[in-house]
>>> print(open('data.pdb').read())   # PDB, C-alpha atoms and all ligand atoms
ATOM      1  CA  MET A   1      18.464 -32.985 -14.565  1.00  0.00           C
ATOM      2  CA  LEU A   2      20.263 -29.908 -13.225  1.00  0.00           C
ATOM      3  CA  ARG A   3      19.570 -28.098 -16.452  1.00  0.00           C
ATOM      4  CA  MET A   4      15.878 -28.907 -16.157  1.00  0.00           C
ATOM      5  CA  SER A   5      15.609 -27.318 -12.733  1.00  0.00           C
ATOM      6  CA  ILE A   6      17.440 -24.168 -13.856  1.00  0.00           C
ATOM      7  CA  LEU A   7      14.973 -23.820 -16.705  1.00  0.00           C
ATOM      8  CA  ALA A   8      12.080 -24.386 -14.342  1.00  0.00           C
ATOM      9  CA  GLY A   9      13.428 -21.655 -12.045  1.00  0.00           C
ATOM     10  CA  LEU A  10      13.725 -19.170 -14.896  1.00  0.00           C
ATOM     11  CA  CYS A  11      10.246 -19.932 -16.027  1.00  0.00           C
ATOM     12  CA  CYS A  12       8.701 -19.155 -12.650  1.00  0.00           C
ATOM     13  CA  ALA A  13      10.731 -16.010 -12.070  1.00  0.00           C
ATOM     14  CA  ALA A  14       9.493 -14.651 -15.391  1.00  0.00           C
ATOM     15  CA  VAL A  15       5.885 -15.427 -14.483  1.00  0.00           C
ATOM     16  CA  THR A  16       6.270 -13.640 -11.133  1.00  0.00           C
ATOM     17  CA  VAL A  17       7.627 -10.496 -12.788  1.00  0.00           C
ATOM     18  CA  ALA A  18       4.882 -10.506 -15.409  1.00  0.00           C
ATOM     19  CA  THR A  19       2.170 -10.916 -12.769  1.00  0.00           C
ATOM     20  CA  GLY A  20       3.619  -8.107 -10.675  1.00  0.00           C
ATOM     21  CA  ALA A  21       3.394  -5.724 -13.606  1.00  0.00           C
ATOM     22  CA  ALA A  22      -0.123  -6.780 -14.534  1.00  0.00           C
ATOM     23  CA  PHE A  23      -1.630  -6.253 -11.059  1.00  0.00           C
ATOM     24  CA  ALA A  24      -0.589  -2.896  -9.677  1.00  0.00           C
ATOM     25  CA  ALA A  25      -1.488  -3.379  -6.014  1.00  0.00           C
ATOM     26  CA  ASP A  26       1.427  -4.962  -4.179  1.00  0.00           C
ATOM     27  CA  PRO A  27       1.013  -5.252  -0.386  1.00  0.00           C
ATOM     28  CA  ALA A  28       4.747  -5.815   0.185  1.00  0.00           C
ATOM     29  CA  GLU A  29       5.595  -2.612  -1.680  1.00  0.00           C
ATOM     30  CA  GLY A  30       2.765  -0.895   0.210  1.00  0.00           C
ATOM     31  CA  LYS A  31       4.217  -1.981   3.555  1.00  0.00           C
ATOM     32  CA  ALA A  32       7.554  -0.381   2.685  1.00  0.00           C
ATOM     33  CA  THR A  33       5.879   2.852   1.585  1.00  0.00           C
ATOM     34  CA  TYR A  34       3.638   2.862   4.644  1.00  0.00           C
ATOM     35  CA  GLU A  35       6.540   2.373   7.032  1.00  0.00           C
ATOM     36  CA  GLN A  36       8.505   5.207   5.425  1.00  0.00           C
ATOM     37  CA  ARG A  37       5.712   7.696   4.918  1.00  0.00           C
ATOM     38  CA  CYS A  38       2.808   6.972   7.265  1.00  0.00           C
ATOM     39  CA  ALA A  39       3.884   4.862  10.253  1.00  0.00           C
ATOM     40  CA  SER A  40       5.472   7.797  12.108  1.00  0.00           C
ATOM     41  CA  CYS A  41       1.959   9.113  12.828  1.00  0.00           C
ATOM     42  CA  HIS A  42      -0.399   6.197  12.246  1.00  0.00           C
ATOM     43  CA  GLU A  43      -0.777   3.090  14.367  1.00  0.00           C
ATOM     44  CA  MET A  44      -1.930  -0.158  12.822  1.00  0.00           C
ATOM     45  CA  ALA A  45      -4.804  -0.189  15.329  1.00  0.00           C
ATOM     46  CA  ASP A  46      -6.226   2.886  13.543  1.00  0.00           C
ATOM     47  CA  TRP A  47      -6.893   0.788  10.457  1.00  0.00           C
ATOM     48  CA  LYS A  48      -8.208  -2.313  12.172  1.00  0.00           C
ATOM     49  CA  ALA A  49     -11.397  -0.497  13.127  1.00  0.00           C
ATOM     50  CA  LYS A  50     -12.067   0.715   9.576  1.00  0.00           C
ATOM     51  CA  SER A  51     -13.851  -1.167   6.830  1.00  0.00           C
ATOM     52  CA  VAL A  52     -11.996  -2.224   3.691  1.00  0.00           C
ATOM     53  CA  GLN A  53     -13.961   0.413   1.762  1.00  0.00           C
ATOM     54  CA  ASP A  54     -13.047   3.175   4.234  1.00  0.00           C
ATOM     55  CA  ILE A  55      -9.369   2.241   4.070  1.00  0.00           C
ATOM     56  CA  THR A  56      -9.324   2.201   0.285  1.00  0.00           C
ATOM     57  CA  ASP A  57     -11.256   5.461  -0.036  1.00  0.00           C
ATOM     58  CA  GLY A  58      -9.302   7.083   2.796  1.00  0.00           C
ATOM     59  CA  VAL A  59      -5.848   6.268   1.463  1.00  0.00           C
ATOM     60  CA  LEU A  60      -6.742   7.240  -2.091  1.00  0.00           C
ATOM     61  CA  GLY A  61      -8.390  10.439  -0.844  1.00  0.00           C
ATOM     62  CA  VAL A  62      -5.368  11.444   1.222  1.00  0.00           C
ATOM     63  CA  ALA A  63      -2.934  10.510  -1.549  1.00  0.00           C
ATOM     64  CA  THR A  64      -4.748  12.624  -4.120  1.00  0.00           C
ATOM     65  CA  GLY A  65      -5.462  15.530  -1.754  1.00  0.00           C
ATOM     66  CA  LYS A  66      -9.248  14.967  -1.890  1.00  0.00           C
ATOM     67  CA  THR A  67      -9.462  14.120   1.813  1.00  0.00           C
ATOM     68  CA  THR A  68      -8.294  16.782   4.245  1.00  0.00           C
ATOM     69  CA  HIS A  69      -5.159  15.569   5.969  1.00  0.00           C
ATOM     70  CA  LYS A  70      -3.109  17.558   8.416  1.00  0.00           C
ATOM     71  CA  LYS A  71       0.075  16.726   6.601  1.00  0.00           C
ATOM     72  CA  PRO A  72      -0.281  16.611   2.830  1.00  0.00           C
ATOM     73  CA  VAL A  73       1.078  13.309   1.566  1.00  0.00           C
ATOM     74  CA  LYS A  74       1.741  12.845  -2.106  1.00  0.00           C
ATOM     75  CA  LEU A  75       1.573   9.292  -3.363  1.00  0.00           C
ATOM     76  CA  THR A  76       1.285   8.062  -6.911  1.00  0.00           C
ATOM     77  CA  ASP A  77      -1.849   6.064  -7.759  1.00  0.00           C
ATOM     78  CA  ALA A  78       0.234   2.899  -7.688  1.00  0.00           C
ATOM     79  CA  GLN A  79       1.731   3.727  -4.276  1.00  0.00           C
ATOM     80  CA  ALA A  80      -1.717   4.521  -2.873  1.00  0.00           C
ATOM     81  CA  ALA A  81      -3.096   1.233  -4.220  1.00  0.00           C
ATOM     82  CA  ASP A  82      -0.139  -0.634  -2.689  1.00  0.00           C
ATOM     83  CA  VAL A  83      -0.573   1.033   0.715  1.00  0.00           C
ATOM     84  CA  ALA A  84      -4.322   0.317   0.689  1.00  0.00           C
ATOM     85  CA  ALA A  85      -3.639  -3.311  -0.293  1.00  0.00           C
ATOM     86  CA  TYR A  86      -1.156  -3.633   2.571  1.00  0.00           C
ATOM     87  CA  LEU A  87      -3.517  -2.130   5.159  1.00  0.00           C
ATOM     88  CA  VAL A  88      -6.402  -4.292   3.977  1.00  0.00           C
ATOM     89  CA  SER A  89      -4.159  -7.382   4.095  1.00  0.00           C
ATOM     90  CA  THR A  90      -3.461  -6.840   7.817  1.00  0.00           C
ATOM     91  CA  LYS A  91      -7.129  -6.945   8.794  1.00  0.00           C
TER
HETATM   92  C1  LIG B   1       2.700  13.894  10.247  1.00  0.00           C
HETATM   93  C2  LIG B   1       1.746  12.885  10.662  1.00  0.00           C
HETATM   94  C3  LIG B   1       1.050  12.040   9.611  1.00  0.00           C
HETATM   95  C4  LIG B   1       1.597  11.337   8.581  1.00  0.00           C
HETATM   96  C5  LIG B   1       3.065  11.225   8.186  1.00  0.00           C
HETATM   97  C6  LIG B   1       0.501  10.674   7.913  1.00  0.00           C
HETATM   98  N1  LIG B   1      -0.683  10.963   8.541  1.00  0.00           N
HETATM   99 FE1  LIG B   1      -2.556  10.309   7.995  1.00  0.00          FE
HETATM  100  N2  LIG B   1      -3.379  11.381   9.503  1.00  0.00           N
HETATM  101  C7  LIG B   1      -2.687  12.132  10.446  1.00  0.00           C
HETATM  102  C8  LIG B   1      -3.636  12.706  11.396  1.00  0.00           C
HETATM  103  C9  LIG B   1      -3.248  13.599  12.586  1.00  0.00           C
HETATM  104  C10 LIG B   1      -4.916  12.286  10.968  1.00  0.00           C
HETATM  105  C11 LIG B   1      -6.282  12.616  11.619  1.00  0.00           C
HETATM  106  C12 LIG B   1      -6.619  14.057  11.438  1.00  0.00           C
HETATM  107  C13 LIG B   1      -6.618  14.510  10.013  1.00  0.00           C
HETATM  108  O1  LIG B   1      -7.364  13.942   9.186  1.00  0.00           O
HETATM  109  O2  LIG B   1      -5.847  15.439   9.680  1.00  0.00           O
HETATM  110  C14 LIG B   1      -4.744  11.459   9.794  1.00  0.00           C
HETATM  111  C15 LIG B   1      -5.772  10.853   9.099  1.00  0.00           C
HETATM  112  C16 LIG B   1      -5.608   9.980   8.033  1.00  0.00           C
HETATM  113  C17 LIG B   1      -6.665   9.289   7.331  1.00  0.00           C
HETATM  114  C18 LIG B   1      -8.142   9.404   7.631  1.00  0.00           C
HETATM  115  C19 LIG B   1      -8.681  10.569   6.845  1.00  0.00           C
HETATM  116  C20 LIG B   1     -10.188  10.638   6.972  1.00  0.00           C
HETATM  117  O3  LIG B   1     -10.657  11.542   7.679  1.00  0.00           O
HETATM  118  O4  LIG B   1     -10.870   9.797   6.348  1.00  0.00           O
HETATM  119  C21 LIG B   1      -6.094   8.530   6.375  1.00  0.00           C
HETATM  120  C22 LIG B   1      -6.787   7.604   5.399  1.00  0.00           C
HETATM  121  C23 LIG B   1      -4.661   8.758   6.458  1.00  0.00           C
HETATM  122  N3  LIG B   1      -4.405   9.641   7.463  1.00  0.00           N
HETATM  123  C24 LIG B   1      -3.740   8.158   5.627  1.00  0.00           C
HETATM  124  C25 LIG B   1      -2.385   8.394   5.653  1.00  0.00           C
HETATM  125  C26 LIG B   1      -1.457   7.747   4.766  1.00  0.00           C
HETATM  126  C27 LIG B   1      -1.824   6.736   3.689  1.00  0.00           C
HETATM  127  C28 LIG B   1      -0.216   8.218   5.096  1.00  0.00           C
HETATM  128  C29 LIG B   1       1.094   7.877   4.436  1.00  0.00           C
HETATM  129  C30 LIG B   1       1.191   7.995   3.007  1.00  0.00           C
HETATM  130  C31 LIG B   1      -0.377   9.161   6.199  1.00  0.00           C
HETATM  131  N4  LIG B   1      -1.711   9.231   6.507  1.00  0.00           N
HETATM  132  C32 LIG B   1       0.655   9.839   6.812  1.00  0.00           C
HETATM  133  C33 LIG B   1      -1.316  12.309  10.505  1.00  0.00           C
HETATM  134  C34 LIG B   1      -0.395  11.799   9.596  1.00  0.00           C
END
>>> encode(input="data.pdb", output="structure tokens")
Amino acid sequence: MLRMSILAGLCCAAVTVATGAAFAADPAEGKATYEQRCASCHEMADWKAKSVQDITDGVLGVATGKTTHKKPVKLTDAQAADVAAYLVSTK
């Protein structure tokens, strides 16, 4: 019986890792990035007023340098997607 539950645990851990790799946007990862790189200037209230589309476009624009931003922030595509997913998830 014990052996069965260990196997079951391994099975689910493997599925979680595989899913994480398949879907790039990870709100938990985005939260960490946001808190390190963005939260010193931005308040969560700033994002509440914006639509999901504006958040996604805004974060990607800033991350890629397409949107003018007082402080240039360099994020990888994956980091930008994570941050956008996090901000959208708090709405
Ligand atoms: C040093 C302060 C500072 C940091 C750090 C910072 N921002 Fe900003 N951000 C601003 C200010 C000030 C504005 C509004 C004026 C402007 O656009 O420059 C702004 C505006 C924005 C906008 C709206 C742009 C638009 O006009 O559509 C987005 C989106 C944004 N920031 C995303 C981010 C993200 C994502 C991060 C972290 C990776 C970040 N910012 C980090 C200061 C900062």
>>> resolve_selection(input="data.pdb", expression="the PyMOL selection byres (((chain A and resi 49-63) around 10) and not hetatm)", output="PyMOL selection string")
chain A and resi 44-48+64-85+87-89+91
>>> axis_aligned_box(input="data.pdb", around="ligand LIG 1 (chain B)", padding_each_side="8 Å", output="JSON")
{"center_x": -3.9, "center_y": 11.1, "center_z": 7.8, "size_x": 29.9, "size_y": 24.7, "size_z": 25.6}
>>> resolve_selection(input="data.pdb", expression="the PyMOL selection byres (((chain A and resi 34) around 10) and not hetatm)", output="VMD selection string")
chain A and resid 27 to 33 35 to 40 42 79 to 80 82 to 84 86 to 87
>>> atom_distance(input="data.pdb", atom1="atom C22 of ligand LIG 1 (chain B)", atom2="atom CA of Cys41 of chain A")
11.6 Å
>>> atom_distance(input="data.pdb", atom1="atom CA of Asp26 of chain A", atom2="atom C12 of ligand LIG 1 (chain B)")
25.9 Å
>>> atom_distance(input="data.pdb", atom1="atom CA of Thr90 of chain A", atom2="atom N4 of ligand LIG 1 (chain B)")
16.2 Å
>>> decode(input="data.pdb", residues="segment 40-65 of chain A", atoms="N, CA and C atoms", output="PDB file, in the first residue's frame")
ATOM      1  N   SER A  40       8.481  47.995  -7.196  1.00  0.00           N
ATOM      2  CA  SER A  40       9.043  49.180  -6.554  1.00  0.00           C
ATOM      3  C   SER A  40       8.381  50.447  -7.084  1.00  0.00           C
ATOM      4  N   CYS A  41       7.894  50.429  -8.304  1.00  0.00           N
ATOM      5  CA  CYS A  41       7.240  51.610  -8.885  1.00  0.00           C
ATOM      6  C   CYS A  41       5.737  51.431  -9.078  1.00  0.00           C
ATOM      7  N   HIS A  42       5.311  50.212  -9.355  1.00  0.00           N
ATOM      8  CA  HIS A  42       3.902  50.004  -9.706  1.00  0.00           C
ATOM      9  C   HIS A  42       3.092  49.486  -8.529  1.00  0.00           C
ATOM     10  N   GLU A  43       1.875  50.028  -8.408  1.00  0.00           N
ATOM     11  CA  GLU A  43       0.951  49.530  -7.391  1.00  0.00           C
ATOM     12  C   GLU A  43      -0.040  48.598  -8.067  1.00  0.00           C
ATOM     13  N   MET A  44      -0.512  47.615  -7.335  1.00  0.00           N
ATOM     14  CA  MET A  44      -1.466  46.676  -7.924  1.00  0.00           C
ATOM     15  C   MET A  44      -2.722  47.403  -8.418  1.00  0.00           C
ATOM     16  N   ALA A  45      -3.075  48.510  -7.753  1.00  0.00           N
ATOM     17  CA  ALA A  45      -4.267  49.252  -8.159  1.00  0.00           C
ATOM     18  C   ALA A  45      -4.138  49.763  -9.600  1.00  0.00           C
ATOM     19  N   ASP A  46      -2.902  50.009 -10.037  1.00  0.00           N
ATOM     20  CA  ASP A  46      -2.687  50.484 -11.422  1.00  0.00           C
ATOM     21  C   ASP A  46      -3.278  49.498 -12.428  1.00  0.00           C
ATOM     22  N   TRP A  47      -3.155  48.222 -12.113  1.00  0.00           N
ATOM     23  CA  TRP A  47      -3.533  47.182 -13.081  1.00  0.00           C
ATOM     24  C   TRP A  47      -5.003  46.848 -13.009  1.00  0.00           C
ATOM     25  N   LYS A  48      -5.584  47.052 -11.837  1.00  0.00           N
ATOM     26  CA  LYS A  48      -6.999  46.716 -11.647  1.00  0.00           C
ATOM     27  C   LYS A  48      -7.877  47.461 -12.646  1.00  0.00           C
ATOM     28  N   ALA A  49      -7.501  48.709 -12.934  1.00  0.00           N
ATOM     29  CA  ALA A  49      -8.327  49.539 -13.802  1.00  0.00           C
ATOM     30  C   ALA A  49      -8.177  49.160 -15.276  1.00  0.00           C
ATOM     31  N   LYS A  50      -7.144  48.405 -15.610  1.00  0.00           N
ATOM     32  CA  LYS A  50      -6.878  48.100 -17.020  1.00  0.00           C
ATOM     33  C   LYS A  50      -7.561  46.805 -17.452  1.00  0.00           C
ATOM     34  N   SER A  51      -7.870  46.741 -18.738  1.00  0.00           N
ATOM     35  CA  SER A  51      -8.463  45.512 -19.269  1.00  0.00           C
ATOM     36  C   SER A  51      -7.376  44.444 -19.404  1.00  0.00           C
ATOM     37  N   VAL A  52      -7.813  43.200 -19.522  1.00  0.00           N
ATOM     38  CA  VAL A  52      -6.872  42.093 -19.703  1.00  0.00           C
ATOM     39  C   VAL A  52      -6.004  42.349 -20.942  1.00  0.00           C
ATOM     40  N   GLN A  53      -6.644  42.835 -22.011  1.00  0.00           N
ATOM     41  CA  GLN A  53      -5.907  43.103 -23.251  1.00  0.00           C
ATOM     42  C   GLN A  53      -4.850  44.191 -23.038  1.00  0.00           C
ATOM     43  N   ASP A  54      -5.215  45.258 -22.334  1.00  0.00           N
ATOM     44  CA  ASP A  54      -4.265  46.346 -22.084  1.00  0.00           C
ATOM     45  C   ASP A  54      -3.086  45.857 -21.252  1.00  0.00           C
ATOM     46  N   ILE A  55      -3.355  45.020 -20.270  1.00  0.00           N
ATOM     47  CA  ILE A  55      -2.277  44.500 -19.426  1.00  0.00           C
ATOM     48  C   ILE A  55      -1.326  43.664 -20.275  1.00  0.00           C
ATOM     49  N   THR A  56      -1.900  42.751 -21.049  1.00  0.00           N
ATOM     50  CA  THR A  56      -1.072  41.857 -21.853  1.00  0.00           C
ATOM     51  C   THR A  56      -0.247  42.664 -22.847  1.00  0.00           C
ATOM     52  N   ASP A  57      -0.906  43.557 -23.587  1.00  0.00           N
ATOM     53  CA  ASP A  57      -0.190  44.373 -24.565  1.00  0.00           C
ATOM     54  C   ASP A  57       0.839  45.270 -23.881  1.00  0.00           C
ATOM     55  N   GLY A  58       0.439  45.865 -22.751  1.00  0.00           N
ATOM     56  CA  GLY A  58       1.317  46.795 -22.050  1.00  0.00           C
ATOM     57  C   GLY A  58       2.582  46.116 -21.560  1.00  0.00           C
ATOM     58  N   VAL A  59       2.425  44.976 -20.907  1.00  0.00           N
ATOM     59  CA  VAL A  59       3.599  44.292 -20.348  1.00  0.00           C
ATOM     60  C   VAL A  59       4.507  43.799 -21.474  1.00  0.00           C
ATOM     61  N   LEU A  60       3.904  43.235 -22.510  1.00  0.00           N
ATOM     62  CA  LEU A  60       4.738  42.761 -23.623  1.00  0.00           C
ATOM     63  C   LEU A  60       5.430  43.933 -24.304  1.00  0.00           C
ATOM     64  N   GLY A  61       4.708  45.042 -24.461  1.00  0.00           N
ATOM     65  CA  GLY A  61       5.280  46.228 -25.102  1.00  0.00           C
ATOM     66  C   GLY A  61       6.461  46.772 -24.317  1.00  0.00           C
ATOM     67  N   VAL A  62       6.295  46.879 -23.000  1.00  0.00           N
ATOM     68  CA  VAL A  62       7.368  47.393 -22.152  1.00  0.00           C
ATOM     69  C   VAL A  62       8.555  46.429 -22.163  1.00  0.00           C
ATOM     70  N   ALA A  63       8.256  45.139 -22.089  1.00  0.00           N
ATOM     71  CA  ALA A  63       9.322  44.131 -22.013  1.00  0.00           C
ATOM     72  C   ALA A  63      10.155  44.090 -23.288  1.00  0.00           C
ATOM     73  N   THR A  64       9.525  44.386 -24.416  1.00  0.00           N
ATOM     74  CA  THR A  64      10.255  44.309 -25.683  1.00  0.00           C
ATOM     75  C   THR A  64      10.750  45.678 -26.142  1.00  0.00           C
ATOM     76  N   GLY A  65      10.450  46.733 -25.345  1.00  0.00           N
ATOM     77  CA  GLY A  65      10.899  48.070 -25.707  1.00  0.00           C
ATOM     78  C   GLY A  65       9.995  48.758 -26.724  1.00  0.00           C
TER      79      GLY A  65
END
